[in-house]
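> Input file: query07.cif. Contents: mmCIF, N, CA and C atoms.
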data_run
#
loop_
_atom_site.label_atom_id
_atom_site.label_comp_id
_atom_site.auth_asym_id
_atom_site.auth_seq_id
_atom_site.Cartn_x
_atom_site.Cartn_y
_atom_site.Cartn_z
N MET M 105 11.53 -9.46 -37.39
CA MET M 105 11.28 -10.25 -38.55
C MET M 105 10.05 -11.12 -38.29
N ALA M 106 9.15 -11.16 -39.20
CA ALA M 106 7.91 -11.91 -39.07
C ALA M 106 8.15 -13.40 -39.20
N ARG M 107 7.40 -14.15 -38.44
CA ARG M 107 7.51 -15.60 -38.52
C ARG M 107 6.63 -16.12 -39.65
N PRO M 108 7.17 -16.93 -40.50
CA PRO M 108 6.36 -17.45 -41.59
C PRO M 108 5.34 -18.48 -41.10
N GLY M 109 4.18 -18.48 -41.74
CA GLY M 109 3.16 -19.47 -41.43
C GLY M 109 2.32 -19.16 -40.20
N LYS M 110 2.52 -18.03 -39.59
CA LYS M 110 1.75 -17.69 -38.39
C LYS M 110 0.90 -16.46 -38.70
N ASP M 111 -0.39 -16.69 -38.92
CA ASP M 111 -1.31 -15.58 -39.21
C ASP M 111 -1.82 -15.00 -37.91
N ASP M 112 -2.35 -13.82 -37.99
CA ASP M 112 -2.90 -13.15 -36.82
C ASP M 112 -4.33 -13.64 -36.61
N ASP M 113 -4.49 -14.77 -35.89
CA ASP M 113 -5.81 -15.37 -35.68
C ASP M 113 -6.59 -14.69 -34.55
N SER M 114 -5.96 -13.80 -33.80
CA SER M 114 -6.64 -13.17 -32.68
C SER M 114 -7.68 -12.14 -33.13
N LEU M 115 -7.58 -11.67 -34.36
CA LEU M 115 -8.56 -10.72 -34.87
C LEU M 115 -9.77 -11.48 -35.39
N VAL M 116 -10.94 -11.09 -34.93
CA VAL M 116 -12.16 -11.75 -35.34
C VAL M 116 -12.93 -10.79 -36.24
N GLU M 117 -13.30 -11.27 -37.39
CA GLU M 117 -14.07 -10.46 -38.33
C GLU M 117 -15.55 -10.51 -37.95
N ARG M 118 -16.21 -9.35 -37.99
CA ARG M 118 -17.64 -9.26 -37.70
C ARG M 118 -18.35 -8.72 -38.93
N ALA M 119 -19.58 -9.13 -39.08
CA ALA M 119 -20.41 -8.56 -40.13
C ALA M 119 -20.68 -7.10 -39.79
N GLU M 120 -21.02 -6.32 -40.77
CA GLU M 120 -21.19 -4.88 -40.57
C GLU M 120 -22.31 -4.55 -39.60
N GLY M 121 -23.42 -5.27 -39.63
CA GLY M 121 -24.55 -4.98 -38.76
C GLY M 121 -24.47 -5.66 -37.42
N GLU M 122 -23.49 -6.50 -37.20
CA GLU M 122 -23.36 -7.25 -35.96
C GLU M 122 -22.79 -6.37 -34.85
N ALA M 123 -23.34 -6.52 -33.64
CA ALA M 123 -22.91 -5.69 -32.51
C ALA M 123 -21.61 -6.21 -31.91
N ALA M 124 -20.84 -5.31 -31.38
CA ALA M 124 -19.58 -5.65 -30.72
C ALA M 124 -19.86 -6.26 -29.35
N PRO M 125 -18.98 -7.11 -28.86
CA PRO M 125 -19.19 -7.67 -27.51
C PRO M 125 -19.02 -6.59 -26.44
N ASN M 126 -19.57 -6.87 -25.27
CA ASN M 126 -19.47 -5.92 -24.17
C ASN M 126 -18.06 -5.86 -23.62
N PRO M 127 -17.68 -4.72 -23.03
CA PRO M 127 -16.38 -4.63 -22.37
C PRO M 127 -16.35 -5.54 -21.14
N VAL M 128 -15.18 -5.79 -20.63
CA VAL M 128 -14.97 -6.71 -19.50
C VAL M 128 -15.70 -6.22 -18.25
N TRP M 129 -15.78 -4.92 -18.05
CA TRP M 129 -16.36 -4.37 -16.83
C TRP M 129 -17.89 -4.41 -16.82
N PHE M 130 -18.52 -4.70 -17.94
CA PHE M 130 -19.98 -4.57 -18.06
C PHE M 130 -20.73 -5.54 -17.14
N LYS M 131 -20.37 -6.82 -17.20
CA LYS M 131 -21.10 -7.82 -16.41
C LYS M 131 -20.92 -7.63 -14.91
N PRO M 132 -19.70 -7.36 -14.40
CA PRO M 132 -19.59 -7.13 -12.94
C PRO M 132 -20.38 -5.91 -12.46
N ILE M 133 -20.42 -4.85 -13.27
CA ILE M 133 -21.19 -3.66 -12.88
C ILE M 133 -22.68 -3.98 -12.88
N MET M 134 -23.15 -4.69 -13.90
CA MET M 134 -24.56 -5.06 -14.01
C MET M 134 -24.99 -5.90 -12.80
N ILE M 135 -24.25 -6.93 -12.50
CA ILE M 135 -24.59 -7.79 -11.37
C ILE M 135 -24.43 -7.04 -10.05
N GLY M 136 -23.40 -6.21 -9.98
CA GLY M 136 -23.17 -5.42 -8.77
C GLY M 136 -24.31 -4.47 -8.46
N LEU M 137 -24.84 -3.81 -9.48
CA LEU M 137 -25.96 -2.90 -9.25
C LEU M 137 -27.20 -3.64 -8.77
N MET M 138 -27.46 -4.81 -9.35
CA MET M 138 -28.61 -5.58 -8.91
C MET M 138 -28.44 -6.03 -7.45
N LEU M 139 -27.23 -6.44 -7.08
CA LEU M 139 -26.99 -6.87 -5.70
C LEU M 139 -27.02 -5.70 -4.72
N ILE M 140 -26.48 -4.56 -5.11
CA ILE M 140 -26.52 -3.38 -4.22
C ILE M 140 -27.96 -2.95 -3.98
N GLY M 141 -28.78 -2.97 -5.02
CA GLY M 141 -30.19 -2.64 -4.85
C GLY M 141 -30.89 -3.60 -3.91
N LEU M 142 -30.59 -4.89 -4.05
CA LEU M 142 -31.19 -5.90 -3.18
C LEU M 142 -30.74 -5.70 -1.74
N VAL M 143 -29.46 -5.47 -1.52
CA VAL M 143 -28.94 -5.24 -0.17
C VAL M 143 -29.54 -3.98 0.43
N TRP M 144 -29.71 -2.94 -0.37
CA TRP M 144 -30.31 -1.69 0.11
C TRP M 144 -31.72 -1.95 0.64
N ILE M 145 -32.50 -2.71 -0.11
CA ILE M 145 -33.87 -3.02 0.30
C ILE M 145 -33.88 -3.91 1.54
N LEU M 146 -32.98 -4.89 1.59
CA LEU M 146 -32.91 -5.76 2.76
C LEU M 146 -32.53 -4.99 4.02
N VAL M 147 -31.56 -4.09 3.90
CA VAL M 147 -31.16 -3.27 5.05
C VAL M 147 -32.33 -2.40 5.50
N PHE M 148 -33.09 -1.87 4.56
CA PHE M 148 -34.24 -1.04 4.90
C PHE M 148 -35.26 -1.82 5.73
N TYR M 149 -35.58 -3.03 5.29
CA TYR M 149 -36.57 -3.81 6.02
C TYR M 149 -36.02 -4.37 7.33
N LEU M 150 -34.79 -4.86 7.32
CA LEU M 150 -34.24 -5.47 8.53
C LEU M 150 -33.91 -4.45 9.62
N SER M 151 -33.73 -3.20 9.25
CA SER M 151 -33.43 -2.17 10.25
C SER M 151 -34.69 -1.51 10.81
N GLY M 152 -35.84 -2.05 10.50
CA GLY M 152 -37.08 -1.45 11.00
C GLY M 152 -37.44 -0.18 10.25
N MET M 153 -37.09 -0.13 8.98
CA MET M 153 -37.40 0.99 8.07
C MET M 153 -36.75 2.29 8.50
N GLN M 154 -35.52 2.22 9.07
CA GLN M 154 -34.79 3.41 9.48
C GLN M 154 -33.57 3.68 8.62
N TYR M 155 -32.89 2.64 8.19
CA TYR M 155 -31.65 2.78 7.43
C TYR M 155 -31.86 2.28 6.02
N PRO M 156 -31.04 2.50 5.07
CA PRO M 156 -29.70 3.04 5.03
C PRO M 156 -29.62 4.56 5.14
N ILE M 157 -30.65 5.29 4.76
CA ILE M 157 -30.63 6.74 4.94
C ILE M 157 -31.76 7.09 5.91
N PRO M 158 -31.42 7.41 7.15
CA PRO M 158 -32.47 7.74 8.11
C PRO M 158 -33.18 9.03 7.72
N GLY M 159 -34.46 9.07 7.97
CA GLY M 159 -35.20 10.30 7.76
C GLY M 159 -35.95 10.40 6.45
N ILE M 160 -35.64 9.54 5.48
CA ILE M 160 -36.38 9.66 4.22
C ILE M 160 -37.44 8.56 4.07
N GLY M 161 -37.49 7.67 5.06
CA GLY M 161 -38.55 6.66 5.12
C GLY M 161 -38.65 5.78 3.90
N PRO M 162 -39.86 5.69 3.34
CA PRO M 162 -40.09 4.77 2.22
C PRO M 162 -39.34 5.13 0.93
N TRP M 163 -38.75 6.30 0.87
CA TRP M 163 -37.95 6.65 -0.32
C TRP M 163 -36.72 5.76 -0.44
N ASN M 164 -36.34 5.13 0.69
CA ASN M 164 -35.26 4.16 0.61
C ASN M 164 -35.62 3.00 -0.31
N LEU M 165 -36.89 2.62 -0.32
CA LEU M 165 -37.35 1.57 -1.24
C LEU M 165 -37.20 2.02 -2.68
N VAL M 166 -37.56 3.26 -2.95
CA VAL M 166 -37.45 3.79 -4.32
C VAL M 166 -35.98 3.78 -4.76
N ILE M 167 -35.10 4.18 -3.87
CA ILE M 167 -33.67 4.20 -4.20
C ILE M 167 -33.17 2.78 -4.46
N GLY M 168 -33.52 1.84 -3.58
CA GLY M 168 -33.08 0.45 -3.75
C GLY M 168 -33.59 -0.16 -5.04
N PHE M 169 -34.88 0.02 -5.32
CA PHE M 169 -35.44 -0.51 -6.56
C PHE M 169 -34.85 0.21 -7.78
N GLY M 170 -34.56 1.49 -7.64
CA GLY M 170 -33.96 2.23 -8.75
C GLY M 170 -32.58 1.72 -9.10
N ILE M 171 -31.77 1.45 -8.08
CA ILE M 171 -30.43 0.91 -8.32
C ILE M 171 -30.52 -0.46 -8.99
N ALA M 172 -31.40 -1.32 -8.46
CA ALA M 172 -31.55 -2.66 -9.04
C ALA M 172 -32.11 -2.57 -10.47
N PHE M 173 -33.01 -1.63 -10.70
CA PHE M 173 -33.62 -1.47 -12.03
C PHE M 173 -32.57 -1.07 -13.07
N ILE M 174 -31.63 -0.23 -12.69
CA ILE M 174 -30.55 0.13 -13.61
C ILE M 174 -29.75 -1.11 -14.00
N GLY M 175 -29.49 -1.98 -13.02
CA GLY M 175 -28.81 -3.24 -13.31
C GLY M 175 -29.62 -4.11 -14.27
N PHE M 176 -30.93 -4.18 -14.04
CA PHE M 176 -31.78 -4.96 -14.94
C PHE M 176 -31.85 -4.35 -16.33
N LEU M 177 -31.83 -3.03 -16.42
CA LEU M 177 -31.80 -2.39 -17.75
C LEU M 177 -30.52 -2.72 -18.50
N MET M 178 -29.44 -2.88 -17.76
CA MET M 178 -28.18 -3.22 -18.40
C MET M 178 -28.23 -4.62 -19.03
N THR M 179 -29.09 -5.49 -18.50
CA THR M 179 -29.18 -6.84 -19.08
C THR M 179 -29.70 -6.80 -20.51
N THR M 180 -30.44 -5.76 -20.87
CA THR M 180 -30.94 -5.66 -22.24
C THR M 180 -29.83 -5.34 -23.24
N ARG M 181 -28.71 -4.83 -22.76
CA ARG M 181 -27.57 -4.50 -23.63
C ARG M 181 -26.46 -5.54 -23.58
N TRP M 182 -26.68 -6.61 -22.78
CA TRP M 182 -25.65 -7.63 -22.60
C TRP M 182 -25.58 -8.52 -23.82
N ARG M 183 -24.37 -8.73 -24.34
CA ARG M 183 -24.17 -9.60 -25.51
C ARG M 183 -23.26 -10.73 -25.16
#
For this file, write the structure as structure tokens.

Amino acid sequence: MARPGKDDDSLVERAEGEAAPNPVWFKPIMIGLMLIGLVWILVFYLSGMQYPIPGIGPWNLVIGFGIAFIGFLMTTRWR
């Protein structure tokens, strides 16, 4: 039986052209990718340019910046 006087206030009405908010997982993934990219680059420099993947040399920089760049691209979709 429904309780009188209690409306469903949890539903929020949005205008038709207004974008929906991001899911809960969006911000942790975005920040995580930026931090993983930063750690990747730091490990590359602090290990004397041998790690995280030995043998590919400066391509480790490309991988680290690529991971961080994906995180930065996600910031453009953050609401």
> As an exercise, work out the distance from atom C of Ile145 (chain M) to atom N of Gly159 (chain M) in Å and give it to one decimal place.
14.5 Å
> Using all atoms listed in the file, what does the table of region 121-150 of chain M residues within 8 Å of region 179-182 of chain M look like, with each row giving the shortest atom pair and its distance in Å to one decimal, sorted by chain and ascending number, as a Markdown table?

| residue | atom | partner | partner_atom | distance |
| --- | --- | --- | --- | --- |
| M:Pro125 | C | M:Trp182 | C | 7.3 |
| M:Asn126 | N | M:Trp182 | C | 6.4 |
| M:Phe130 | C | M:Trp182 | CA | 7.6 |
| M:Lys131 | N | M:Trp182 | CA | 7.6 |
| M:Met134 | CA | M:Thr179 | N | 6.4 |
| M:Ile135 | N | M:Thr179 | N | 7.8 |
> Expand the PyMOL selection byres ((chain M and resi 144) around 8) into the explicit residue set it covers here, and present it as a PyMOL selection string.
chain M and resi 138-143+145-150+155-156+164-165+167-169
> Filtering to N, CA and C atoms, could you give me those residues as a compact mmCIF listing (two decimals), in the frame of the given file?

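Printed below is result_11.txt as written:
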# COMPACT_ATOMS: atom_id res chain seq x y z
N MET M 138 -27.46 -4.81 -9.35
CA MET M 138 -28.61 -5.58 -8.91
C MET M 138 -28.44 -6.03 -7.45
N LEU M 139 -27.23 -6.44 -7.08
CA LEU M 139 -26.99 -6.87 -5.70
C LEU M 139 -27.02 -5.70 -4.72
N ILE M 140 -26.48 -4.56 -5.11
CA ILE M 140 -26.52 -3.38 -4.22
C ILE M 140 -27.96 -2.95 -3.98
N GLY M 141 -28.78 -2.97 -5.02
CA GLY M 141 -30.19 -2.64 -4.85
C GLY M 141 -30.89 -3.60 -3.91
N LEU M 142 -30.59 -4.89 -4.05
CA LEU M 142 -31.19 -5.90 -3.18
C LEU M 142 -30.74 -5.70 -1.74
N VAL M 143 -29.46 -5.47 -1.52
CA VAL M 143 -28.94 -5.24 -0.17
C VAL M 143 -29.54 -3.98 0.43
N ILE M 145 -32.50 -2.71 -0.11
CA ILE M 145 -33.87 -3.02 0.30
C ILE M 145 -33.88 -3.91 1.54
N LEU M 146 -32.98 -4.89 1.59
CA LEU M 146 -32.91 -5.76 2.76
C LEU M 146 -32.53 -4.99 4.02
N VAL M 147 -31.56 -4.09 3.90
CA VAL M 147 -31.16 -3.27 5.05
C VAL M 147 -32.33 -2.40 5.50
N PHE M 148 -33.09 -1.87 4.56
CA PHE M 148 -34.24 -1.04 4.90
C PHE M 148 -35.26 -1.82 5.73
N TYR M 149 -35.58 -3.03 5.29
CA TYR M 149 -36.57 -3.81 6.02
C TYR M 149 -36.02 -4.37 7.33
N LEU M 150 -34.79 -4.86 7.32
CA LEU M 150 -34.24 -5.47 8.53
C LEU M 150 -33.91 -4.45 9.62
N TYR M 155 -32.89 2.64 8.19
CA TYR M 155 -31.65 2.78 7.43
C TYR M 155 -31.86 2.28 6.02
N PRO M 156 -31.04 2.50 5.07
CA PRO M 156 -29.70 3.04 5.03
C PRO M 156 -29.62 4.56 5.14
N ASN M 164 -36.34 5.13 0.69
CA ASN M 164 -35.26 4.16 0.61
C ASN M 164 -35.62 3.00 -0.31
N LEU M 165 -36.89 2.62 -0.32
CA LEU M 165 -37.35 1.57 -1.24
C LEU M 165 -37.20 2.02 -2.68
N ILE M 167 -35.10 4.18 -3.87
CA ILE M 167 -33.67 4.20 -4.20
C ILE M 167 -33.17 2.78 -4.46
N GLY M 168 -33.52 1.84 -3.58
CA GLY M 168 -33.08 0.45 -3.75
C GLY M 168 -33.59 -0.16 -5.04
N PHE M 169 -34.88 0.02 -5.32
CA PHE M 169 -35.44 -0.51 -6.56
C PHE M 169 -34.85 0.21 -7.78
> Between CA of Pro162 (chain M) and CA of Pro132 (chain M), what is the distance in Å, rounded to a tenth?
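Atom-to-atom, CA of Pro162 (chain M) to CA of Pro132 (chain M), that is 28.1 Å.
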> Kindly indicate which residue among M:Ile157, M:Leu137, M:Val128, M:Gly152 lies nearest to Gly170 (chain M), using only N, CA and C atoms for the distances.
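Residue with the minimum atom-to-atom distance to Gly170 (chain M): M:Leu137.
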> Box for region 149-157 of chain M - axis-aligned, 8 Å on each of the six sides, all listed atoms - centre and size in Å to one decimal, as JSON.

{"center_x": -33.5, "center_y": 0.8, "center_z": 7.9, "size_x": 23.8, "size_y": 28.6, "size_z": 22.2}
> Hey, could you patch up region 139-162 of chain M with N, CA, C and O atoms and hand it over as a compact mmCIF listing (two decimals), in the frame of the given file?

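Saved to result21.txt:
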# COMPACT_ATOMS: atom_id res chain seq x y z
N LEU M 139 -27.23 -6.44 -7.08
CA LEU M 139 -26.99 -6.87 -5.70
C LEU M 139 -27.02 -5.70 -4.72
O LEU M 139 -27.54 -5.84 -3.61
N ILE M 140 -26.48 -4.56 -5.11
CA ILE M 140 -26.52 -3.38 -4.22
C ILE M 140 -27.96 -2.95 -3.98
O ILE M 140 -28.33 -2.62 -2.85
N GLY M 141 -28.78 -2.97 -5.02
CA GLY M 141 -30.19 -2.64 -4.85
C GLY M 141 -30.89 -3.60 -3.91
O GLY M 141 -31.67 -3.20 -3.04
N LEU M 142 -30.59 -4.89 -4.05
CA LEU M 142 -31.19 -5.90 -3.18
C LEU M 142 -30.74 -5.70 -1.74
O LEU M 142 -31.57 -5.73 -0.81
N VAL M 143 -29.46 -5.47 -1.52
CA VAL M 143 -28.94 -5.24 -0.17
C VAL M 143 -29.54 -3.98 0.43
O VAL M 143 -29.90 -3.95 1.62
N TRP M 144 -29.71 -2.94 -0.37
CA TRP M 144 -30.31 -1.69 0.11
C TRP M 144 -31.72 -1.95 0.64
O TRP M 144 -32.09 -1.50 1.73
N ILE M 145 -32.50 -2.71 -0.11
CA ILE M 145 -33.87 -3.02 0.30
C ILE M 145 -33.88 -3.91 1.54
O ILE M 145 -34.68 -3.69 2.46
N LEU M 146 -32.98 -4.89 1.59
CA LEU M 146 -32.91 -5.76 2.76
C LEU M 146 -32.53 -4.99 4.02
O LEU M 146 -33.12 -5.19 5.09
N VAL M 147 -31.56 -4.09 3.90
CA VAL M 147 -31.16 -3.27 5.05
C VAL M 147 -32.33 -2.40 5.50
O VAL M 147 -32.58 -2.24 6.71
N PHE M 148 -33.09 -1.87 4.56
CA PHE M 148 -34.24 -1.04 4.90
C PHE M 148 -35.26 -1.82 5.73
O PHE M 148 -35.73 -1.35 6.77
N TYR M 149 -35.58 -3.03 5.29
CA TYR M 149 -36.57 -3.81 6.02
C TYR M 149 -36.02 -4.37 7.33
O TYR M 149 -36.72 -4.39 8.34
N LEU M 150 -34.79 -4.86 7.32
CA LEU M 150 -34.24 -5.47 8.53
C LEU M 150 -33.91 -4.45 9.62
O LEU M 150 -33.82 -4.80 10.79
N SER M 151 -33.73 -3.20 9.25
CA SER M 151 -33.43 -2.17 10.25
C SER M 151 -34.69 -1.51 10.81
O SER M 151 -34.60 -0.51 11.51
N GLY M 152 -35.84 -2.05 10.50
CA GLY M 152 -37.08 -1.45 11.00
C GLY M 152 -37.44 -0.18 10.25
O GLY M 152 -38.00 0.73 10.82
N MET M 153 -37.09 -0.13 8.98
CA MET M 153 -37.40 0.99 8.07
C MET M 153 -36.75 2.29 8.50
O MET M 153 -37.30 3.38 8.34
N GLN M 154 -35.52 2.22 9.07
CA GLN M 154 -34.79 3.41 9.48
C GLN M 154 -33.57 3.68 8.62
O GLN M 154 -33.20 4.82 8.41
N TYR M 155 -32.89 2.64 8.19
CA TYR M 155 -31.65 2.78 7.43
C TYR M 155 -31.86 2.28 6.02
O TYR M 155 -32.85 1.64 5.75
N PRO M 156 -31.04 2.50 5.07
CA PRO M 156 -29.70 3.04 5.03
C PRO M 156 -29.62 4.56 5.14
O PRO M 156 -28.60 5.08 5.58
N ILE M 157 -30.65 5.29 4.76
CA ILE M 157 -30.63 6.74 4.94
C ILE M 157 -31.76 7.09 5.91
O ILE M 157 -32.93 7.05 5.53
N PRO M 158 -31.42 7.41 7.15
CA PRO M 158 -32.47 7.74 8.11
C PRO M 158 -33.18 9.03 7.72
O PRO M 158 -32.59 9.95 7.18
N GLY M 159 -34.46 9.07 7.97
CA GLY M 159 -35.20 10.30 7.76
C GLY M 159 -35.95 10.40 6.45
O GLY M 159 -36.81 11.26 6.30
N ILE M 160 -35.64 9.54 5.48
CA ILE M 160 -36.38 9.66 4.22
C ILE M 160 -37.44 8.56 4.07
O ILE M 160 -38.19 8.55 3.11
N GLY M 161 -37.49 7.67 5.06
CA GLY M 161 -38.55 6.66 5.12
C GLY M 161 -38.65 5.78 3.90
O GLY M 161 -37.67 5.19 3.45
N PRO M 162 -39.86 5.69 3.34
CA PRO M 162 -40.09 4.77 2.22
C PRO M 162 -39.34 5.13 0.93
O PRO M 162 -39.28 4.32 0.01
